[in-house]
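Chemist: Sharing a structure with you now.
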Amino acid sequence: MKAENRQCQNCKGEFAIEPDDFGFYKKMGVLPPKICPECRSQLRLTFRNERFLYKRACDHCKKSTISMFSANKTYSVWCFDCWWSDDLDGKKYGMDYNPTESFFEQFKELWNKVPKPARISTNEINSPYTNYVADSKNCYMIMESSNNENCTNCYWIQLSKDLTDCSYTNKVELSYEVDDCYDCYSLRWSKGCHSCLNSAFLLDCRNCTNCLGCINLRGQKYNIFNEQHTKEEYEKKLKDFRLDTFSGVEKFKKEFAEFIKDKPRKFAEITNAINSTGNYMVNVKNNRNCFHSYDAEDNAHSVHIWRGAKDCMDCNTAGRTAELIYNTLNTGLEASNVICGSFCWSSQFMQYCLNCPNSNNCFGCAGLIKGSYCILNKQYSKEEYEKLRAEIISKMKKEGVYGDFFPKELSPLGYNESSAIDEFPLSKEEEALAQGFKWEDTPRGTFGKETVDWNNFPNSILDLPKDFNVSKEIFVCTECKKNYRVIADELSFYKRMEIPIPRNCPECRHIRRINNRGPNKLWHRSCMKWGCGNEFETPYSPERSEIIFREKCYQSEVY
């Protein structure tokens, strides 16, 4: 069987359905998709808001809470404690299925009246300002993460501790502004590093200690700009760079960017990736068109597939032994056999369900905790459930929609507050609204309230006055001009690491890291080493200036 090329019904671009894809669709019992992988991902992401939080009243206890839904949303939103309590009985919203009406229209009616969780979290300790997190302690403004402690302003971090402004880390401690790093300690301003210690401004280094401004190093110590030094020389030069000052950091950033400009890059940031294509992958097998994945196999067209995930396709986040997951959002944590859903943690045999953790054998349900054999939140016997479920699926297949994600009209979010805005940025009028997406106009943040004048602020973190009370100060972002605060634990971290207080707001810092990662997309290119010409799939578009080598050629260049 050969790959079949089709035209996306959304963007009109061409995409291929591979033989393995058809096999997976048959296994899951769904119809092949009518839109391309990028458009499928964009649609799913419009249903998820990870980072934009608001204050609003819980519609149950009436207390003020932190929520991913703005106060002007008309549907019911319950705070963390109320939503997880026995007060939430999703079955009381149950509806009879009407075979003469569209399934999606009936689900929309249910979806609009069932209470939504203000935040998605579980097993949290002293971490109220988080979202899409599990098993976190003393964390503030971390999103899409699990098993972390004492972390601030981070995104998609795992098994990490004492981090600030980090993203996509695994088992990293005491680090700042690092991305895609594994098993590291005390790193600053680094990317793509494994098992590195006490270093700063590293790119794609392994097993390095006390290195500064280096790229492509392996097992080195006391290197500066890839040049070997004695311990004494290194320590003296490190002090001379004055990375405790804002001006020193900015100067070094420019020098490092110039240094790495003519150094070769590996075609993709992948390690031990057998028969796999994508980017940011470690210890994977048979992963096709996957991004940010580790310890996973037999997955396709997915992002954030991790720790034991197997047989997942078209997923944005699935992990902790997730298996047989299709076209979903945030369906990790021991879930299996899930089709078209979101936040079905520890659930099995679920189709078209949103916010239904710890459930099994449910179809078209929302806000149901520990549900079983329910359709549109109505309870059935096992036999009744299986009969009605088969009828609904048969009707949806005749309509050609079984396997399609929920229509964009059912998203509870504005496009500009959804996760889609990071990867698929759109303008309001000409693009988002014209394409049928919603838009959220609630102002986020304040402007012009700053109490700190950067022109008169200490250049070095070491020169802060002893009586400096950070809780009373309001800072202003030098890029977007939005005001922001620095919490006490964050300032203690900067002092401990001797890092100057950042002059950009957390949102601008996040956007910078995301943009630096590049898009979750591949291009077919050739190795740029003279005389090679070997071809591969790479996330580096042809317009980019980096020098890209295939694996074998790259390995010949590392130090």
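For the structure tokens, the naming scheme is as follows: chains receive sequential letters (A, B, ...) according to their order of presentation, residues are indexed from 1 within each chain, and ligands are indexed from 1 in presentation order.
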Which residues in region 357-395 of chain A does DSSP call helix (DSSP H, G or I)? List them as number ranges by chain.

Modeler: A: 382-395

Chemist: Residues within 7 Å of region 267-284 of chain A, please, as a PyMOL selection string. Count only C-alpha atoms; anything in the same chain fewer than 3 positions from it doesn't count.

Modeler: chain A and resi 287-297+522+537-539+548-550

Chemist: If we count only C-alpha atoms, what is near Lys310 (chain A) at a cut-off of 12 Å, once residues fewer than 5 positions away on the same chain are taken out, given as a PyMOL selection string?

Modeler: chain A and resi 24+284-287+293-300+302+305+315+318-326+332+334-337

Chemist: Using only N, CA, C and O atoms, please write the residues we just selected to a file, as a compact mmCIF listing (two decimals), in the first residue's frame.

Modeler:
# COMPACT_ATOMS: atom_id res chain seq x y z
N PHE A 24 -3.51 2.61 11.51
CA PHE A 24 -3.91 3.12 12.82
C PHE A 24 -5.38 3.53 12.81
O PHE A 24 -6.12 3.25 13.77
N VAL A 284 13.52 7.56 21.48
CA VAL A 284 12.25 7.24 20.85
C VAL A 284 12.47 6.25 19.71
O VAL A 284 13.57 6.09 19.19
N LYS A 285 11.38 5.62 19.32
CA LYS A 285 11.42 4.63 18.25
C LYS A 285 10.14 4.74 17.43
O LYS A 285 9.04 4.80 17.97
N ASN A 286 10.30 4.75 16.12
CA ASN A 286 9.15 4.81 15.21
C ASN A 286 8.23 6.00 15.53
O ASN A 286 7.01 5.88 15.54
N ASN A 287 8.84 7.14 15.80
CA ASN A 287 8.09 8.38 15.96
C ASN A 287 8.16 9.15 14.65
O ASN A 287 9.24 9.47 14.18
N SER A 293 9.52 14.87 22.30
CA SER A 293 9.08 13.54 22.71
C SER A 293 10.26 12.79 23.30
O SER A 293 11.39 12.92 22.82
N TYR A 294 10.01 12.03 24.34
CA TYR A 294 11.08 11.19 24.89
C TYR A 294 10.48 9.93 25.51
O TYR A 294 9.35 9.91 25.97
N ASP A 295 11.28 8.86 25.45
CA ASP A 295 10.87 7.56 26.00
C ASP A 295 9.50 7.16 25.44
O ASP A 295 8.57 6.83 26.19
N ALA A 296 9.37 7.19 24.12
CA ALA A 296 8.08 6.90 23.49
C ALA A 296 8.32 6.18 22.17
O ALA A 296 9.38 6.28 21.57
N GLU A 297 7.29 5.46 21.69
CA GLU A 297 7.44 4.74 20.43
C GLU A 297 6.11 4.58 19.70
O GLU A 297 5.04 4.61 20.29
N ASP A 298 6.24 4.45 18.38
CA ASP A 298 5.08 4.20 17.51
C ASP A 298 4.05 5.32 17.60
O ASP A 298 2.85 5.08 17.78
N ASN A 299 4.50 6.57 17.45
CA ASN A 299 3.60 7.72 17.50
C ASN A 299 3.76 8.55 16.23
O ASN A 299 4.78 8.46 15.54
N ALA A 300 2.77 9.38 15.93
CA ALA A 300 2.84 10.18 14.71
C ALA A 300 2.08 11.50 14.86
O ALA A 300 1.08 11.57 15.60
N SER A 302 2.46 14.32 16.39
CA SER A 302 2.13 14.68 17.77
C SER A 302 3.21 15.55 18.40
O SER A 302 4.37 15.54 17.98
N ILE A 305 4.89 14.04 23.47
CA ILE A 305 4.58 12.62 23.65
C ILE A 305 5.73 12.03 24.46
O ILE A 305 6.86 12.01 24.00
N CYS A 315 -1.82 14.06 18.63
CA CYS A 315 -2.01 14.40 20.04
C CYS A 315 -1.16 15.60 20.42
O CYS A 315 -0.02 15.73 19.97
N ALA A 318 0.55 13.70 25.54
CA ALA A 318 0.11 12.38 25.99
C ALA A 318 1.32 11.70 26.60
O ALA A 318 2.38 11.64 25.98
N GLY A 319 1.19 11.23 27.82
CA GLY A 319 2.35 10.64 28.47
C GLY A 319 1.98 9.72 29.61
O GLY A 319 0.81 9.41 29.85
N ARG A 320 3.03 9.29 30.32
CA ARG A 320 2.86 8.36 31.44
C ARG A 320 2.09 7.13 30.98
O ARG A 320 0.99 6.83 31.45
N THR A 321 2.64 6.41 30.05
CA THR A 321 2.11 5.15 29.51
C THR A 321 0.81 5.33 28.75
O THR A 321 0.04 4.37 28.61
N ALA A 322 0.53 6.51 28.25
CA ALA A 322 -0.66 6.70 27.40
C ALA A 322 -0.54 5.80 26.17
O ALA A 322 0.52 5.67 25.57
N GLU A 323 -1.64 5.19 25.77
CA GLU A 323 -1.60 4.24 24.66
C GLU A 323 -2.90 4.29 23.88
O GLU A 323 -3.99 4.43 24.45
N LEU A 324 -2.77 4.18 22.56
CA LEU A 324 -3.91 4.20 21.66
C LEU A 324 -4.75 5.46 21.88
O LEU A 324 -5.92 5.41 22.24
N ILE A 325 -4.10 6.61 21.66
CA ILE A 325 -4.75 7.91 21.82
C ILE A 325 -4.80 8.59 20.45
O ILE A 325 -3.80 8.65 19.75
N TYR A 326 -5.94 9.13 20.08
CA TYR A 326 -6.08 9.76 18.77
C TYR A 326 -6.79 11.11 18.86
O TYR A 326 -7.85 11.23 19.48
N GLY A 332 -2.78 12.37 28.94
CA GLY A 332 -1.74 11.47 29.44
C GLY A 332 -2.18 10.82 30.73
O GLY A 332 -3.36 10.55 30.97
N GLU A 334 -1.62 7.67 32.23
CA GLU A 334 -2.17 6.31 32.21
C GLU A 334 -3.48 6.19 31.44
O GLU A 334 -4.31 5.31 31.72
N ALA A 335 -3.73 7.03 30.47
CA ALA A 335 -4.95 6.93 29.67
C ALA A 335 -4.72 5.97 28.51
O ALA A 335 -3.60 5.76 28.05
N SER A 336 -5.81 5.38 28.02
CA SER A 336 -5.71 4.49 26.86
C SER A 336 -7.03 4.46 26.12
O SER A 336 -8.10 4.69 26.70
N ASN A 337 -6.94 4.19 24.81
CA ASN A 337 -8.12 4.07 23.96
C ASN A 337 -9.03 5.30 24.08
O ASN A 337 -10.19 5.22 24.49

Chemist: Residues of region 447-485 of chain A in strand (DSSP E or B) according to DSSP, as a ChimeraX atom specification?

Modeler: /A:447,460,475-476,482-484

Chemist: Report, in Å with one decimal, the straight-line distance from CA of Glu250 (chain A) to CA of Phe201 (chain A).

Modeler: 11.8 Å

Chemist: Excluding Glu235 (chain A) and its own-chain neighbours fewer than 6 positions away, which residues fall within 12 Å of it when counting only C-alpha atoms? Please give them as an NGL selection string.

Modeler: :A and (198-199 or 210-212 or 221-224 or 229 or 241-242)

Chemist: Include N, CA and C atoms and write out the residues we just selected as a PDB file, in the first residue's frame.

Modeler:
ATOM      1  N   ASN A 198      27.151  23.662  36.048  1.00  0.00           N
ATOM      2  CA  ASN A 198      27.825  24.924  36.371  1.00  0.00           C
ATOM      3  C   ASN A 198      28.332  25.662  35.128  1.00  0.00           C
ATOM      4  N   SER A 199      27.457  25.857  34.169  1.00  0.00           N
ATOM      5  CA  SER A 199      27.864  26.470  32.901  1.00  0.00           C
ATOM      6  C   SER A 199      26.821  27.480  32.442  1.00  0.00           C
ATOM      7  N   ASN A 210      31.610  23.601  33.952  1.00  0.00           N
ATOM      8  CA  ASN A 210      32.319  24.880  33.991  1.00  0.00           C
ATOM      9  C   ASN A 210      32.760  25.322  32.595  1.00  0.00           C
ATOM     10  N   CYS A 211      31.777  25.492  31.724  1.00  0.00           N
ATOM     11  CA  CYS A 211      32.034  25.981  30.370  1.00  0.00           C
ATOM     12  C   CYS A 211      31.165  27.206  30.108  1.00  0.00           C
ATOM     13  N   LEU A 212      31.637  28.071  29.242  1.00  0.00           N
ATOM     14  CA  LEU A 212      30.953  29.332  28.982  1.00  0.00           C
ATOM     15  C   LEU A 212      31.013  29.664  27.491  1.00  0.00           C
ATOM     16  N   LYS A 221      35.781  20.586  30.116  1.00  0.00           N
ATOM     17  CA  LYS A 221      35.787  21.424  31.313  1.00  0.00           C
ATOM     18  C   LYS A 221      36.570  22.708  31.038  1.00  0.00           C
ATOM     19  N   TYR A 222      36.130  23.780  31.671  1.00  0.00           N
ATOM     20  CA  TYR A 222      36.862  25.055  31.632  1.00  0.00           C
ATOM     21  C   TYR A 222      37.118  25.541  30.205  1.00  0.00           C
ATOM     22  N   ASN A 223      36.080  25.487  29.381  1.00  0.00           N
ATOM     23  CA  ASN A 223      36.159  26.023  28.022  1.00  0.00           C
ATOM     24  C   ASN A 223      35.408  27.348  27.941  1.00  0.00           C
ATOM     25  N   ILE A 224      35.953  28.297  27.197  1.00  0.00           N
ATOM     26  CA  ILE A 224      35.271  29.552  26.886  1.00  0.00           C
ATOM     27  C   ILE A 224      35.345  29.742  25.380  1.00  0.00           C
ATOM     28  N   HIS A 229      40.895  26.263  28.836  1.00  0.00           N
ATOM     29  CA  HIS A 229      41.617  27.095  29.792  1.00  0.00           C
ATOM     30  C   HIS A 229      41.920  26.284  31.044  1.00  0.00           C
ATOM     31  N   PHE A 241      33.655  38.805  32.745  1.00  0.00           N
ATOM     32  CA  PHE A 241      32.479  38.973  31.891  1.00  0.00           C
ATOM     33  C   PHE A 241      31.317  39.638  32.637  1.00  0.00           C
ATOM     34  N   ARG A 242      31.317  39.625  33.946  1.00  0.00           N
ATOM     35  CA  ARG A 242      30.311  40.287  34.783  1.00  0.00           C
ATOM     36  C   ARG A 242      28.883  39.887  34.399  1.00  0.00           C
TER      37      ARG A 242
END

Chemist: Tell me, as number ranges by chain, which residues lie within 9 Å of Leu43 (chain A), counting only C-alpha atoms; anything in the same chain fewer than 4 positions away does not count.

Modeler: A: 38-39, 47, 405-408, 420

Chemist: Got a sec: who's within 9 Å of Thr317 (chain A), counting only C-alpha atoms, leaving out chain neighbours fewer than 4 positions off, as a VMD selection string?

Modeler: chain A and resid 144 302 to 306 328 to 332

Chemist: Determine, counting only C-alpha atoms, which protein, DNA and RNA residues have an atom within 8 Å of an atom of region 505-512 of chain A; residues of the same chain fewer than 4 positions away are not included. Present the result as an mmCIF file with N, CA and C atoms, in the first residue's frame.

Modeler:
data_model
loop_
_atom_site.group_PDB
_atom_site.id
_atom_site.type_symbol
_atom_site.label_atom_id
_atom_site.label_comp_id
_atom_site.auth_asym_id
_atom_site.auth_seq_id
_atom_site.Cartn_x
_atom_site.Cartn_y
_atom_site.Cartn_z
ATOM 1 N N ASN A 153 7.658 30.617 36.567
ATOM 2 C CA ASN A 153 7.597 31.070 35.165
ATOM 3 C C ASN A 153 8.208 30.053 34.203
ATOM 4 N N ASP A 165 12.164 30.600 34.528
ATOM 5 C CA ASP A 165 12.198 30.886 33.091
ATOM 6 C C ASP A 165 12.837 29.765 32.288
ATOM 7 N N ASP A 422 0.556 30.647 19.897
ATOM 8 C CA ASP A 422 2.007 30.499 19.885
ATOM 9 C C ASP A 422 2.502 29.921 18.563
ATOM 10 N N VAL A 476 8.499 47.347 34.549
ATOM 11 C CA VAL A 476 7.923 47.548 33.224
ATOM 12 C C VAL A 476 8.779 46.820 32.196
ATOM 13 N N CYS A 477 8.119 46.088 31.302
ATOM 14 C CA CYS A 477 8.812 45.343 30.252
ATOM 15 C C CYS A 477 9.379 46.315 29.221
ATOM 16 N N GLU A 479 10.153 45.666 26.330
ATOM 17 C CA GLU A 479 9.713 45.296 24.974
ATOM 18 C C GLU A 479 8.252 45.640 24.749
ATOM 19 N N CYS A 480 7.339 45.064 25.552
ATOM 20 C CA CYS A 480 5.903 45.284 25.325
ATOM 21 C C CYS A 480 5.324 46.389 26.198
ATOM 22 N N LYS A 482 4.413 46.299 29.198
ATOM 23 C CA LYS A 482 3.463 45.825 30.199
ATOM 24 C C LYS A 482 4.143 45.791 31.577
ATOM 25 N N ASN A 483 3.359 46.044 32.606
ATOM 26 C CA ASN A 483 3.882 45.945 33.965
ATOM 27 C C ASN A 483 3.934 44.497 34.423
ATOM 28 N N TYR A 484 4.864 44.183 35.287
ATOM 29 C CA TYR A 484 4.950 42.854 35.876
ATOM 30 C C TYR A 484 5.608 42.946 37.241
ATOM 31 N N ASN A 516 12.663 30.873 19.501
ATOM 32 C CA ASN A 516 14.013 30.341 19.323
ATOM 33 C C ASN A 516 13.999 28.842 19.038
#

Chemist: Nearest to Val486 (chain A) among A:Asp21, A:Met141, A:Trp523, A:Cys181, with distances taken over only C-alpha atoms: which residue is it?

Modeler: A:Met141

Chemist: Hey, can you check how far CA of Arg444 (chain A) sits from CA of Leu426 (chain A)?

Modeler: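 If I compute the distance from CA of Arg444 (chain A) to CA of Leu426 (chain A), I get 17.8 Å.
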
Chemist: Restricting the calculation to only C-alpha atoms, which member of A:Phe468, A:Tyr54, A:Tyr185, A:Tyr25 is positioned closest to Tyr129 (chain A)?

Modeler: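 Selected residue with least distance to Tyr129 (chain A): A:Tyr54.
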